[in-house]
Amino acid sequence: RLPESFGRFVVIEEIGHGAMGVVYRARDPMIDRVVAIKTITLAGTEEERAHFEARFQQEARAAGGLAHPAIVTIFDYGREGDTAFMAMEVLEGRELRDLIRGGGIPPAEAVEIAARVAEALAFAHERGVVHRDVKPGNIMVLADGRVKIMDFGIARLDAPGVKTATGLLLGSPRYMAPEQAAGESFDGRADVFSLGVVLYEMLTGAAPFSGNDIPQLMYQLMNA
């Protein structure tokens with residue numbers, strides 16, 4: 001059943017569904033603005049619930065502190081019972097991974113997309129935020145040609161009180177920098193490496209590193 005609201009946001013319709021939650025289109029009656037509500041259902045043990053909520057809240061904090069035209073805008077964060085939610089701008093477009101699967105991207109357009117993402121990452125890095133999961137599924141190309149980078153769910157914030165695991169594999173292995181895959185300390189340059197992998201895939205239609213399983217993929221990444 002469609003929920004009526006999350007906080008002050010009145011739900012209009014469901015627009016997406018993922019492994020962890022649902023995304024809704026909603027209206028903010030305070031300023032009559034349409035927003036997207038991203039939700040996560042908090043389940044499992046108390047420790048697991050706390051972990052997922054902290055990760056979700058970290059996404060809101062990371063992206064919410066970055067006002068840049070190529071970074072998704074976060075408006076609000078809250079919780080309703082066992083559901084945490086964040087309100088963000090509605091993005092009308094296609095994920096970059098779908099465009100790549102659809103037959104490739106002309107070189108000039110691929111370079112332009114990469115440049116817009118690079119500008120957004122540089123802006124984030126200057127403010128102490130490392131995305132850590134740059135991949136085609138986290139890049140949206142809007143109908144008007146603008147580009148938005150999304151999903152700061154595992155971003156690292158260089159700020160007091162924010163802790164992230166070291167030595168724990170977080171992110172998408174196919175796009176990781178070698179030092180990130182090795183569980184070593186890394187910085188914004190790992191995001192730049194990941195963007196290079198994305199650009200390669202936009203230009204060729206295939207990622208530069210592959211394998212039948214994670215160990216093979218890691219070997220290619222670390223040695224080839």
# chains A, B, ... in the order shown; residues from 1 in each chain; ligands from 1

call {"tool": "residues_around", "arguments": {"residues": "A:Ala143", "least_positions_apart": "6", "cutoff": "9 Å", "atoms": "only C-alpha atoms", "output": "ChimeraX atom specification"}}
result
/A:91-94

call {"tool": "write_last_selection", "arguments": {"atoms": "N, CA, C and O atoms", "output": "short mmCIF file (atom, residue, chain, number, x, y, z; two decimals), in the first residue's frame"}}
result
data_model
loop_
_atom_site.label_atom_id
_atom_site.label_comp_id
_atom_site.auth_asym_id
_atom_site.auth_seq_id
_atom_site.Cartn_x
_atom_site.Cartn_y
_atom_site.Cartn_z
N LEU A 91 15.10 13.63 -10.50
CA LEU A 91 15.96 13.58 -11.67
C LEU A 91 15.23 12.86 -12.80
O LEU A 91 14.87 11.70 -12.67
N GLU A 92 15.02 13.57 -13.89
CA GLU A 92 14.35 12.99 -15.06
C GLU A 92 15.42 12.70 -16.12
O GLU A 92 15.94 13.61 -16.75
N GLY A 93 15.77 11.44 -16.27
CA GLY A 93 16.80 11.10 -17.23
C GLY A 93 17.09 9.61 -17.22
O GLY A 93 16.24 8.81 -16.82
N ARG A 94 18.30 9.23 -17.63
CA ARG A 94 18.69 7.81 -17.69
C ARG A 94 20.03 7.63 -17.01
O ARG A 94 20.91 8.49 -17.11
#

call {"tool": "select_by_dssp", "arguments": {"residues": "stretch 92-143 of chain A", "states": "strand (DSSP E or B)", "output": "list in words"}}
result
Gly93, Arg94, Glu95, Val129, Val130, Ile139, Met140, Val141 and Leu142 of chain A

call {"tool": "write_last_selection", "arguments": {"atoms": "N, CA and C atoms", "output": "PDB file, in the first residue's frame"}}
result
ATOM      1  N   GLY A  93      15.771  11.439 -16.269  1.00  0.00           N
ATOM      2  CA  GLY A  93      16.803  11.097 -17.232  1.00  0.00           C
ATOM      3  C   GLY A  93      17.088   9.607 -17.221  1.00  0.00           C
ATOM      4  N   ARG A  94      18.301   9.228 -17.634  1.00  0.00           N
ATOM      5  CA  ARG A  94      18.687   7.814 -17.694  1.00  0.00           C
ATOM      6  C   ARG A  94      20.029   7.628 -17.013  1.00  0.00           C
ATOM      7  N   GLU A  95      20.183   6.495 -16.341  1.00  0.00           N
ATOM      8  CA  GLU A  95      21.473   6.185 -15.745  1.00  0.00           C
ATOM      9  C   GLU A  95      22.488   5.932 -16.858  1.00  0.00           C
ATOM     10  N   VAL A 129      35.158  15.405   0.950  1.00  0.00           N
ATOM     11  CA  VAL A 129      34.272  14.267   0.687  1.00  0.00           C
ATOM     12  C   VAL A 129      34.843  13.427  -0.453  1.00  0.00           C
ATOM     13  N   VAL A 130      35.071  12.140  -0.196  1.00  0.00           N
ATOM     14  CA  VAL A 130      35.488  11.184  -1.218  1.00  0.00           C
ATOM     15  C   VAL A 130      34.301  10.265  -1.490  1.00  0.00           C
ATOM     16  N   ILE A 139      25.678   7.587 -11.984  1.00  0.00           N
ATOM     17  CA  ILE A 139      25.735   8.812 -12.782  1.00  0.00           C
ATOM     18  C   ILE A 139      24.466   8.891 -13.622  1.00  0.00           C
ATOM     19  N   MET A 140      23.761   9.986 -13.520  1.00  0.00           N
ATOM     20  CA  MET A 140      22.513  10.179 -14.253  1.00  0.00           C
ATOM     21  C   MET A 140      22.718  11.249 -15.326  1.00  0.00           C
ATOM     22  N   VAL A 141      22.295  10.943 -16.548  1.00  0.00           N
ATOM     23  CA  VAL A 141      22.304  11.917 -17.637  1.00  0.00           C
ATOM     24  C   VAL A 141      20.866  12.386 -17.830  1.00  0.00           C
ATOM     25  N   LEU A 142      20.617  13.657 -17.566  1.00  0.00           N
ATOM     26  CA  LEU A 142      19.259  14.187 -17.604  1.00  0.00           C
ATOM     27  C   LEU A 142      18.800  14.434 -19.040  1.00  0.00           C
TER      28      LEU A 142
END

call {"tool": "atom_distance", "arguments": {"atom1": "atom CA of A:Arg1", "atom2": "atom CA of A:Arg27"}}
result
18.0 Å

call {"tool": "closest_residue", "arguments": {"among": "A:Thr39, A:Ala67, A:Met202, A:Ala60", "to": "A:Gly102", "atoms": "only C-alpha atoms"}}
result
A:Met202

call {"tool": "select_by_dssp", "arguments": {"residues": "stretch 2-87 of chain A", "states": "alpha helix (DSSP H)", "output": "list in words"}}
result
Glu46, Glu47, Glu48, Arg49, Ala50, His51, Phe52, Glu53, Ala54, Arg55, Phe56, Gln57, Gln58, Glu59, Ala60, Arg61, Ala62, Ala63 and Gly64 of chain A

call {"tool": "write_last_selection", "arguments": {"atoms": "N, CA, C and O atoms", "output": "short mmCIF file (atom, residue, chain, number, x, y, z; two decimals), in the first residue's frame"}}
result
data_model
loop_
_atom_site.label_atom_id
_atom_site.label_comp_id
_atom_site.auth_asym_id
_atom_site.auth_seq_id
_atom_site.Cartn_x
_atom_site.Cartn_y
_atom_site.Cartn_z
N GLU A 46 19.49 -4.96 16.15
CA GLU A 46 19.68 -3.55 16.49
C GLU A 46 20.97 -3.02 15.89
O GLU A 46 21.03 -1.89 15.41
N GLU A 47 22.01 -3.86 15.94
CA GLU A 47 23.30 -3.45 15.40
C GLU A 47 23.22 -3.23 13.89
O GLU A 47 23.75 -2.26 13.36
N GLU A 48 22.53 -4.15 13.19
CA GLU A 48 22.38 -4.02 11.75
C GLU A 48 21.54 -2.80 11.39
O GLU A 48 21.86 -2.07 10.45
N ARG A 49 20.48 -2.58 12.14
CA ARG A 49 19.62 -1.42 11.89
C ARG A 49 20.40 -0.12 12.06
O ARG A 49 20.31 0.80 11.24
N ALA A 50 21.18 -0.06 13.13
CA ALA A 50 21.98 1.13 13.41
C ALA A 50 23.01 1.36 12.31
O ALA A 50 23.26 2.50 11.89
N HIS A 51 23.60 0.26 11.83
CA HIS A 51 24.61 0.36 10.77
C HIS A 51 24.00 0.93 9.50
O HIS A 51 24.55 1.86 8.89
N PHE A 52 22.87 0.38 9.06
CA PHE A 52 22.25 0.84 7.82
C PHE A 52 21.74 2.27 7.94
O PHE A 52 21.85 3.06 7.01
N GLU A 53 21.19 2.61 9.09
CA GLU A 53 20.70 3.98 9.26
C GLU A 53 21.87 4.96 9.26
O GLU A 53 21.77 6.05 8.67
N ALA A 54 22.97 4.59 9.90
CA ALA A 54 24.14 5.46 9.91
C ALA A 54 24.69 5.67 8.51
O ALA A 54 25.07 6.78 8.13
N ARG A 55 24.73 4.60 7.72
CA ARG A 55 25.22 4.70 6.35
C ARG A 55 24.30 5.59 5.51
O ARG A 55 24.76 6.43 4.73
N PHE A 56 23.00 5.43 5.69
CA PHE A 56 22.02 6.23 4.96
C PHE A 56 22.11 7.70 5.36
O PHE A 56 22.07 8.60 4.51
N GLN A 57 22.25 7.93 6.65
CA GLN A 57 22.38 9.31 7.13
C GLN A 57 23.68 9.93 6.64
O GLN A 57 23.73 11.12 6.35
N GLN A 58 24.71 9.12 6.53
CA GLN A 58 25.99 9.63 6.02
C GLN A 58 25.85 10.08 4.57
O GLN A 58 26.45 11.08 4.16
N GLU A 59 25.04 9.34 3.78
CA GLU A 59 24.79 9.76 2.40
C GLU A 59 24.14 11.14 2.38
O GLU A 59 24.52 12.02 1.60
N ALA A 60 23.13 11.33 3.26
CA ALA A 60 22.44 12.62 3.32
C ALA A 60 23.40 13.73 3.72
O ALA A 60 23.37 14.84 3.17
N ARG A 61 24.27 13.46 4.69
CA ARG A 61 25.23 14.47 5.14
C ARG A 61 26.25 14.79 4.06
O ARG A 61 26.60 15.96 3.85
N ALA A 62 26.75 13.74 3.40
CA ALA A 62 27.80 13.95 2.39
C ALA A 62 27.27 14.76 1.21
O ALA A 62 27.84 15.80 0.85
N ALA A 63 26.18 14.31 0.60
CA ALA A 63 25.64 15.01 -0.56
C ALA A 63 24.94 16.30 -0.14
O ALA A 63 24.96 17.29 -0.88
N GLY A 64 24.32 16.30 1.05
CA GLY A 64 23.60 17.48 1.51
C GLY A 64 24.49 18.69 1.73
O GLY A 64 24.03 19.83 1.67
#

call {"tool": "atom_distance", "arguments": {"atom1": "atom CA of A:Val192", "atom2": "atom CA of A:Leu96"}}
result
17.0 Å

call {"tool": "residues_around", "arguments": {"residues": "A:Val35", "least_positions_apart": "5", "cutoff": "9 Å", "atoms": "only C-alpha atoms", "output": "number ranges by chain"}}
result
A: 9, 24-28, 75, 87-90

call {"tool": "residues_around", "arguments": {"residues": "stretch 175-181 of chain A", "least_positions_apart": "3", "cutoff": "10 Å", "atoms": "only C-alpha atoms", "output": "PyMOL selection string"}}
result
chain A and resi 132-136+166-172+184-187+189-198+207-209+218-223

call {"tool": "residues_around", "arguments": {"residues": "A:Gly205", "least_positions_apart": "6", "cutoff": "8 Å", "atoms": "only C-alpha atoms", "output": "list in words"}}
result
Ile100, Arg101, Gly103 and Gly104 of chain A

call {"tool": "closest_residue", "arguments": {"among": "A:Leu42, A:Ala36, A:Ala124, A:Leu99", "to": "A:Asp76", "atoms": "only C-alpha atoms"}}
result
A:Ala36

call {"tool": "closest_residue", "arguments": {"among": "A:Pro29, A:Val23, A:Ala206, A:Asp144", "to": "A:Val10", "atoms": "only C-alpha atoms"}}
result
A:Pro29

call {"tool": "closest_residue", "arguments": {"among": "A:Val22, A:Ile37, A:Ala115, A:Ile105", "to": "A:Tyr77", "atoms": "only C-alpha atoms"}}
result
A:Ile37

call {"tool": "residues_around", "arguments": {"residues": "A:Thr83", "least_positions_apart": "4", "cutoff": "6 Å", "atoms": "only C-alpha atoms", "output": "compact mmCIF listing (two decimals) with C-alpha atoms, in the first residue's frame"}}
result
# COMPACT_ATOMS: atom_id res chain seq x y z
CA ILE A 40 15.48 2.48 3.39
CA THR A 41 13.73 -0.13 5.49
CA LEU A 42 15.58 -0.73 8.76
CA ARG A 79 12.68 8.76 9.96

call {"tool": "closest_residue", "arguments": {"among": "A:Pro106, A:Gly65, A:Pro173, A:Gly137", "to": "A:Phe123", "atoms": "only C-alpha atoms"}}
result
A:Gly65
